[in-house]
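Visitor: A single structure is presented below for examination.
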Amino acid sequence: MTLRVLWPRRDPNKDNSAELEGLGENLEAIFGGGMDNVTEDQWATCDGIVGTQPSPEIMAKIRNCKIFVKTAVGYDDVDVEAWTARNIPVCNCPDYGTREVADHTMALMLAIFRGITYHDQLLHAHPDLNWHMTTIPFAKRLSTLTLGLIGFGRIAVATAVRAKAFEIDVVFYDANKPNGIEHSLGVRRADSMEGLLRQSDVVSIHAPLNKRTNRMFNTQLFYQMKRGSVLLNTARGPIVDLDALYDAMKKDIVLAAGLDVLPEEPMNVENKLIKAWLNQEEWIKHRLVITPHTAFITPESMYDIRRLTARTAARYLRDGVLENCVNRDQLHI
């Protein structure tokens, strides 16, 4: 009997070569073209699903599914409990976009310390008057900086490697990592979050979003940071309380920030930090760089996530190999 993998949202009329490459032989791909276009039979008989979390109403239609693969690294929007109750593995895709997000983290840092957006805006305003040597407002020799990484997973490690190429001192805090990992990369380890914040000129967040990390960067945590430091977030938006960041920047605890992710996306234009940035209030000019959750995006990474999520489903269904499973310990398989 042929095993079938369902992509509910993929358009069957588009190029699905990445999915087919990842799926390999002896499995059938079904591209639904949208949640509402998937038939009752397709929901009921598919052996695997790749995509985003279905609604509870759709979950009730699923009868034969043996694996669900989320097309992302983060799975905070997946109802893991519902899948686990059905004894179905939930898998994510941690092995795409690592280089892109690490590159983007460094790009945000460079944009701030090298005045990239600052000079671009000056030249747009007055191309002739501003074509001269001007002071970069936050310029620092990168080799004098200490970069603190919150979390030390794949992206943080890739960021550390890039930062070391700029001769930046790198320290991380991650209670889940075994002792000695720091020696393999020539970085330092902080014993506590507070210890990392007190010494870091730049703090870069590389943690998942969960109950513990939601609004982790609040008023209390900002007051532990080294005065005049820079905050970077390419992880998950809700980890940073924007109101607390607003206050920390107003008080010059945080000199500048580079954010690729926000608690609300698209951005909430009524948030006081976002409003000040949009209105180019004098105090925040050149201190906040925002990109629209694009850190992970290149043509290569987009192909990878499509191919690799298909491969994860196929390896389990065809070969019995379970990869990147986030609820393995709760399953009876």
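Naming scheme: A, B, ... for chains in displayed order of the structure tokens; residues 1 onward per chain; ligands 1 onward as shown.
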Counting only C-alpha atoms, what is within 6 Å of segment 197-202 of chain A, bar same-chain residues fewer than 3 positions away, as a ChimeraX atom specification?

Guide: /A:145-148,194,225-226,229-231

Visitor: Per residue of segment 212-234 of chain A within 12 Å of segment 156-171 of chain A, record the nearest atom pair and its distance in Å to one decimal, counting only C-alpha atoms, with rows in chain order and ascending residue number, as CSV.

Guide:
residue,atom,partner,partner_atom,distance
A:Leu232,CA,A:Thr159,CA,11.8
A:Asn233,CA,A:Ala156,CA,11.5
A:Thr234,CA,A:Ala156,CA,10.3

Visitor: When DSSP works through the backbone of this structure, what residues of segment 130-228 of chain A end up as alpha helix (DSSP H), shown as a list in words?

Guide: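 Those residues are Arg154, Ile155, Ala156, Val157, Ala158, Thr159, Ala160, Val161, Arg162, Ala163, Lys164, Ala165, Ile181, Glu182, His183, Ser184, Leu185, Met193, Glu194, Gly195, Leu196, Leu197, Arg198, Gln199, Thr219, Gln220, Leu221 and Phe222 of chain A.
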
Visitor: List as a PDB file with C-alpha atoms, in the first residue's frame the protein and nucleic acid residues near Phe138 of chain A, meaning an atom at most 9 Å away when only C-alpha atoms are counted, but skip any in the same chain fewer than 2 places from it.

Guide:
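So the final result, stored in selection_28.pdb, reads:
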ATOM      1  CA  ILE A 112      24.379  49.741  14.486  1.00  0.00           C
ATOM      2  CA  PHE A 113      28.102  49.924  15.219  1.00  0.00           C
ATOM      3  CA  ARG A 114      29.142  50.920  11.690  1.00  0.00           C
ATOM      4  CA  GLY A 115      26.314  53.428  11.191  1.00  0.00           C
ATOM      5  CA  THR A 135      30.899  60.761  13.366  1.00  0.00           C
ATOM      6  CA  ILE A 136      29.203  57.376  13.511  1.00  0.00           C
ATOM      7  CA  LYS A 140      33.156  50.983  18.333  1.00  0.00           C
ATOM      8  CA  LEU A 255      21.866  52.153  23.778  1.00  0.00           C
ATOM      9  CA  ALA A 256      20.370  50.543  20.686  1.00  0.00           C
ATOM     10  CA  ARG A 287      18.983  53.598  17.817  1.00  0.00           C
TER      11      ARG A 287
END

Visitor: Once DSSP has gone over the backbone, tell me which residues of segment 70-299 of chain A are in strand (DSSP E), as a PyMOL selection string.

Guide: chain A and resi 70+90-91+146-150+169-173+188-189+202-205+229-233+254-259+288-290

Visitor: For a quick check of understanding, using only C-alpha atoms, which of A:Asp36, A:Glu100, A:Glu19, A:Asp79 has the smallest distance to Ser301 of chain A?

Guide: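 Closest to Ser301 of chain A, using only C-alpha atoms: A:Glu100.
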
Visitor: Just want the 12 Å neighbourhood of Thr98 of chain A, counted on only C-alpha atoms, with same-chain residues fewer than 2 positions away dropped. Output as a PyMOL selection string.

Guide: chain A and resi 72-73+93-96+100-105+153-159+206+234-235+295-298+300-302+304-305

Visitor: Give me, as CSV, the closest atom pair and its distance (Å, one decimal) for every residue of segment 62-101 of chain A within a cut-off of 7 Å of segment 324-332 of chain A, counting only C-alpha atoms, rows sorted by chain and rising number.

Guide:
residue,atom,partner,partner_atom,distance
A:Thr84,CA,A:Leu331,CA,6.6
A:Asn87,CA,A:Leu331,CA,5.5
A:Pro89,CA,A:Cys325,CA,6.3
A:Val90,CA,A:Cys325,CA,5.6
A:Cys91,CA,A:Cys325,CA,4.2
A:Asn92,CA,A:Asn324,CA,5.8
A:Cys93,CA,A:Asn324,CA,6.8

Visitor: Now that the selection is made, can you save its residues with all heavy atoms as a JSON list (two decimals), in the first residue's frame?

Guide:
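Saved as out.json:
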[["chain", "number", "residue", "atom", "x", "y", "z"],
["A", 84, "THR", "N", 0.15, 14.55, 20.71],
["A", 84, "THR", "CA", 0.66, 13.55, 21.65],
["A", 84, "THR", "C", -0.46, 12.65, 22.15],
["A", 84, "THR", "O", -0.28, 11.44, 22.32],
["A", 84, "THR", "CB", 1.37, 14.23, 22.83],
["A", 84, "THR", "OG1", 2.42, 15.06, 22.33],
["A", 84, "THR", "CG2", 1.96, 13.20, 23.78],
["A", 87, "ASN", "N", -0.81, 9.95, 20.07],
["A", 87, "ASN", "CA", 0.45, 9.20, 19.92],
["A", 87, "ASN", "C", 1.12, 9.46, 18.57],
["A", 87, "ASN", "O", 1.71, 8.56, 17.96],
["A", 87, "ASN", "CB", 0.22, 7.70, 20.12],
["A", 87, "ASN", "CG", 1.49, 6.97, 20.54],
["A", 87, "ASN", "OD1", 2.26, 7.49, 21.35],
["A", 87, "ASN", "ND2", 1.72, 5.79, 20.00],
["A", 89, "PRO", "N", 3.98, 11.61, 16.48],
["A", 89, "PRO", "CA", 5.18, 12.44, 16.62],
["A", 89, "PRO", "C", 4.99, 13.82, 15.99],
["A", 89, "PRO", "O", 4.41, 13.95, 14.91],
["A", 89, "PRO", "CB", 6.27, 11.65, 15.88],
["A", 89, "PRO", "CG", 5.74, 10.26, 15.78],
["A", 89, "PRO", "CD", 4.25, 10.38, 15.72],
["A", 90, "VAL", "N", 5.50, 14.84, 16.69],
["A", 90, "VAL", "CA", 5.55, 16.20, 16.15],
["A", 90, "VAL", "C", 7.02, 16.53, 15.92],
["A", 90, "VAL", "O", 7.84, 16.42, 16.83],
["A", 90, "VAL", "CB", 4.93, 17.22, 17.14],
["A", 90, "VAL", "CG1", 5.14, 18.64, 16.63],
["A", 90, "VAL", "CG2", 3.45, 16.92, 17.34],
["A", 91, "CYS", "N", 7.33, 16.93, 14.71],
["A", 91, "CYS", "CA", 8.71, 17.24, 14.35],
["A", 91, "CYS", "C", 8.80, 18.67, 13.82],
["A", 91, "CYS", "O", 7.85, 19.19, 13.24],
["A", 91, "CYS", "CB", 9.23, 16.27, 13.30],
["A", 91, "CYS", "SG", 9.17, 14.54, 13.81],
["A", 92, "ASN", "N", 9.95, 19.29, 14.05],
["A", 92, "ASN", "CA", 10.18, 20.62, 13.49],
["A", 92, "ASN", "C", 11.33, 20.53, 12.49],
["A", 92, "ASN", "O", 11.76, 19.43, 12.12],
["A", 92, "ASN", "CB", 10.48, 21.63, 14.59],
["A", 92, "ASN", "CG", 11.78, 21.35, 15.32],
["A", 92, "ASN", "OD1", 12.32, 20.25, 15.26],
["A", 92, "ASN", "ND2", 12.30, 22.34, 16.02],
["A", 93, "CYS", "N", 11.84, 21.68, 12.06],
["A", 93, "CYS", "CA", 12.92, 21.68, 11.06],
["A", 93, "CYS", "C", 14.05, 22.58, 11.54],
["A", 93, "CYS", "O", 14.18, 23.73, 11.10],
["A", 93, "CYS", "CB", 12.39, 22.15, 9.71],
["A", 93, "CYS", "SG", 13.59, 21.98, 8.36]]

Visitor: Mind giving me the straight-line distance from atom CA of Ile333 of chain A to atom CA of Gln53 of chain A in Å, one decimal?

Guide: 21.9 Å

Visitor: Might you pull out every residue within 8 Å of Arg307 of chain A, with only C-alpha atoms counted and same-chain residues fewer than 4 positions away left off, and present them as a list in words?

Guide: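 Returned residues: Ala18, Glu19, Leu20, Glu21, Gly22, Leu23, Tyr303 and Arg311 of chain A.
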
Visitor: Restricted to C-alpha atoms, what would the selected residues look like written as a compact mmCIF listing (two decimals), in the first residue's frame?

Guide:
# COMPACT_ATOMS: atom_id res chain seq x y z
CA ALA A 18 11.78 20.44 -3.30
CA GLU A 19 9.02 18.46 -1.62
CA LEU A 20 9.30 15.61 -4.13
CA GLU A 21 13.09 15.50 -3.77
CA GLY A 22 12.82 15.25 0.00
CA LEU A 23 10.06 12.65 -0.16
CA TYR A 303 14.35 25.29 -0.65
CA ARG A 311 12.57 14.15 4.22

Visitor: Please list as an mmCIF file with N, CA, C and O atoms, in the first residue's frame every residue within 10 Å of segment 244-250 of chain A, counting only C-alpha atoms and excluding residues in the same chain fewer than 6 positions away.

Guide:
data_model
loop_
_atom_site.group_PDB
_atom_site.id
_atom_site.type_symbol
_atom_site.label_atom_id
_atom_site.label_comp_id
_atom_site.auth_asym_id
_atom_site.auth_seq_id
_atom_site.Cartn_x
_atom_site.Cartn_y
_atom_site.Cartn_z
ATOM 1 N N ARG A 215 8.306 37.047 27.477
ATOM 2 C CA ARG A 215 8.590 38.320 28.149
ATOM 3 C C ARG A 215 9.738 38.193 29.147
ATOM 4 O O ARG A 215 9.747 38.844 30.197
ATOM 5 N N PHE A 217 12.736 39.214 28.729
ATOM 6 C CA PHE A 217 13.402 40.512 28.805
ATOM 7 C C PHE A 217 12.369 41.550 29.234
ATOM 8 O O PHE A 217 11.723 42.209 28.432
ATOM 9 N N ASN A 218 12.231 41.668 30.559
ATOM 10 C CA ASN A 218 11.304 42.606 31.167
ATOM 11 C C ASN A 218 12.098 43.692 31.893
ATOM 12 O O ASN A 218 13.324 43.761 31.788
ATOM 13 N N THR A 219 11.409 44.537 32.618
ATOM 14 C CA THR A 219 12.077 45.656 33.298
ATOM 15 C C THR A 219 13.183 45.167 34.216
ATOM 16 O O THR A 219 14.293 45.721 34.235
ATOM 17 N N GLN A 220 12.913 44.119 34.972
ATOM 18 C CA GLN A 220 13.907 43.598 35.917
ATOM 19 C C GLN A 220 15.173 43.149 35.203
ATOM 20 O O GLN A 220 16.288 43.451 35.637
ATOM 21 N N LEU A 221 15.004 42.448 34.079
ATOM 22 C CA LEU A 221 16.165 41.932 33.359
ATOM 23 C C LEU A 221 16.948 43.061 32.697
ATOM 24 O O LEU A 221 18.189 43.044 32.680
ATOM 25 N N PHE A 222 16.239 44.050 32.163
ATOM 26 C CA PHE A 222 16.945 45.168 31.529
ATOM 27 C C PHE A 222 17.826 45.909 32.535
ATOM 28 O O PHE A 222 18.914 46.382 32.185
ATOM 29 N N TYR A 223 17.371 46.002 33.776
ATOM 30 C CA TYR A 223 18.179 46.683 34.788
ATOM 31 C C TYR A 223 19.435 45.909 35.160
ATOM 32 O O TYR A 223 20.344 46.444 35.785
ATOM 33 N N MET A 225 21.342 44.623 32.796
ATOM 34 C CA MET A 225 22.249 44.757 31.655
ATOM 35 C C MET A 225 23.292 45.831 31.891
ATOM 36 O O MET A 225 23.081 46.786 32.635
ATOM 37 N N ARG A 227 25.131 49.046 31.291
ATOM 38 C CA ARG A 227 24.597 50.315 30.796
ATOM 39 C C ARG A 227 25.216 50.658 29.438
ATOM 40 O O ARG A 227 26.416 50.570 29.256
ATOM 41 N N GLY A 228 24.359 51.041 28.486
ATOM 42 C CA GLY A 228 24.844 51.400 27.162
ATOM 43 C C GLY A 228 25.054 50.209 26.246
ATOM 44 O O GLY A 228 25.745 50.316 25.227
ATOM 45 N N SER A 229 24.441 49.069 26.566
ATOM 46 C CA SER A 229 24.615 47.875 25.738
ATOM 47 C C SER A 229 23.582 47.852 24.621
ATOM 48 O O SER A 229 22.657 48.658 24.562
ATOM 49 N N VAL A 230 23.756 46.888 23.725
ATOM 50 C CA VAL A 230 22.899 46.737 22.555
ATOM 51 C C VAL A 230 22.174 45.405 22.654
ATOM 52 O O VAL A 230 22.774 44.390 23.018
ATOM 53 N N LEU A 231 20.879 45.394 22.305
ATOM 54 C CA LEU A 231 20.081 44.174 22.323
ATOM 55 C C LEU A 231 19.747 43.755 20.903
ATOM 56 O O LEU A 231 19.303 44.575 20.090
ATOM 57 N N ALA A 256 21.009 50.786 21.980
ATOM 58 C CA ALA A 256 20.370 50.543 20.686
ATOM 59 C C ALA A 256 19.868 49.112 20.641
ATOM 60 O O ALA A 256 20.260 48.263 21.452
ATOM 61 N N ALA A 257 19.001 48.847 19.657
ATOM 62 C CA ALA A 257 18.444 47.499 19.522
ATOM 63 C C ALA A 257 18.254 47.176 18.048
ATOM 64 O O ALA A 257 17.924 48.052 17.240
ATOM 65 N N ASN A 271 1.971 50.559 19.623
ATOM 66 C CA ASN A 271 2.940 50.343 20.702
ATOM 67 C C ASN A 271 3.845 51.559 20.823
ATOM 68 O O ASN A 271 4.295 52.110 19.812
ATOM 69 N N LYS A 272 4.149 51.978 22.035
ATOM 70 C CA LYS A 272 4.859 53.249 22.208
ATOM 71 C C LYS A 272 6.273 53.221 21.644
ATOM 72 O O LYS A 272 6.756 54.245 21.135
ATOM 73 N N LEU A 273 6.936 52.074 21.696
ATOM 74 C CA LEU A 273 8.270 51.979 21.110
ATOM 75 C C LEU A 273 8.185 52.073 19.593
ATOM 76 O O LEU A 273 8.938 52.824 18.952
ATOM 77 N N ILE A 274 7.268 51.316 19.003
ATOM 78 C CA ILE A 274 7.098 51.317 17.555
ATOM 79 C C ILE A 274 6.652 52.701 17.082
ATOM 80 O O ILE A 274 7.119 53.211 16.052
ATOM 81 N N ALA A 276 7.247 55.625 18.480
ATOM 82 C CA ALA A 276 8.386 56.544 18.543
ATOM 83 C C ALA A 276 9.331 56.327 17.369
ATOM 84 O O ALA A 276 9.857 57.290 16.783
ATOM 85 N N TRP A 283 14.879 61.223 20.161
ATOM 86 C CA TRP A 283 15.632 60.409 21.108
ATOM 87 C C TRP A 283 15.934 59.000 20.595
ATOM 88 O O TRP A 283 16.882 58.362 21.041
ATOM 89 N N ILE A 284 15.129 58.527 19.639
ATOM 90 C CA ILE A 284 15.293 57.139 19.178
ATOM 91 C C ILE A 284 15.942 57.053 17.804
ATOM 92 O O ILE A 284 16.230 55.950 17.319
ATOM 93 N N ARG A 287 18.750 54.506 16.702
ATOM 94 C CA ARG A 287 18.983 53.598 17.817
ATOM 95 C C ARG A 287 18.200 52.298 17.696
ATOM 96 O O ARG A 287 18.423 51.372 18.478
ATOM 97 N N LEU A 288 17.281 52.236 16.747
ATOM 98 C CA LEU A 288 16.458 51.036 16.604
ATOM 99 C C LEU A 288 16.413 50.627 15.142
ATOM 100 O O LEU A 288 16.022 51.408 14.274
#

Visitor: Show me, as a PDB file with C-alpha atoms, in the first residue's frame, the residues that have an atom within 10 Å of segment 30-32 of chain A when counting only C-alpha atoms, minus same-chain residues fewer than 6 positions from it.

Guide:
ATOM      1  CA  ARG A   4       0.706   9.370   1.391  1.00  0.00           C
ATOM      2  CA  VAL A   5       2.054  12.667   2.736  1.00  0.00           C
ATOM      3  CA  LEU A   6      -0.247  15.683   2.708  1.00  0.00           C
ATOM      4  CA  TRP A   7       0.813  19.317   2.314  1.00  0.00           C
ATOM      5  CA  PRO A   8      -2.515  21.049   3.046  1.00  0.00           C
ATOM      6  CA  ARG A   9      -1.452  24.541   1.939  1.00  0.00           C
ATOM      7  CA  ARG A  10       0.848  23.779  -1.001  1.00  0.00           C
ATOM      8  CA  ASP A  11      -0.495  24.685  -4.425  1.00  0.00           C
ATOM      9  CA  PRO A  12      -0.428  21.588  -6.670  1.00  0.00           C
ATOM     10  CA  ASN A  13       0.120  23.821  -9.709  1.00  0.00           C
ATOM     11  CA  LYS A  14       3.336  25.364  -8.400  1.00  0.00           C
ATOM     12  CA  ASN A  16       6.941  21.318  -5.770  1.00  0.00           C
ATOM     13  CA  GLU A  19       9.022  18.455  -1.625  1.00  0.00           C
ATOM     14  CA  VAL A  38      -8.393  19.422   1.289  1.00  0.00           C
ATOM     15  CA  THR A  39     -11.071  16.747   1.005  1.00  0.00           C
ATOM     16  CA  GLN A  42      -7.484  13.258   2.211  1.00  0.00           C
ATOM     17  CA  TRP A  43      -7.591  14.355   5.844  1.00  0.00           C
ATOM     18  CA  CYS A  46      -3.098  10.637   4.817  1.00  0.00           C
ATOM     19  CA  ILE A  49       1.076  15.956   7.314  1.00  0.00           C
ATOM     20  CA  VAL A  50       3.642  18.676   6.601  1.00  0.00           C
TER      21      VAL A  50
END

Visitor: Enter the distance from atom CA of Met106 of chain A to atom CA of Gly195 of chain A, in Å, rounded to one decimal.

Guide: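 Distance between the two atoms: 22.6 Å.
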
Visitor: Pick out the closest residue to Lys66 of chain A from this set: A:Gly24, A:Leu3, A:Trp131, A:Ala107. Count only C-alpha atoms.

Guide: A:Leu3

Visitor: Restricting the calculation to only C-alpha atoms: of A:Asp120, A:Thr144, A:Ala313, A:Glu323, which residue gets closest to Val69 of chain A?

Guide: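 So, comparing all the options, the nearest one is A:Ala313.
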
Visitor: So the first atom is atom CA of Ala85 of chain A and the second is atom CA of Ala60 of chain A; what is the distance between them in Å, to one decimal place?

Guide: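 Going from atom CA of Ala85 of chain A over to atom CA of Ala60 of chain A covers 12.4 Å.
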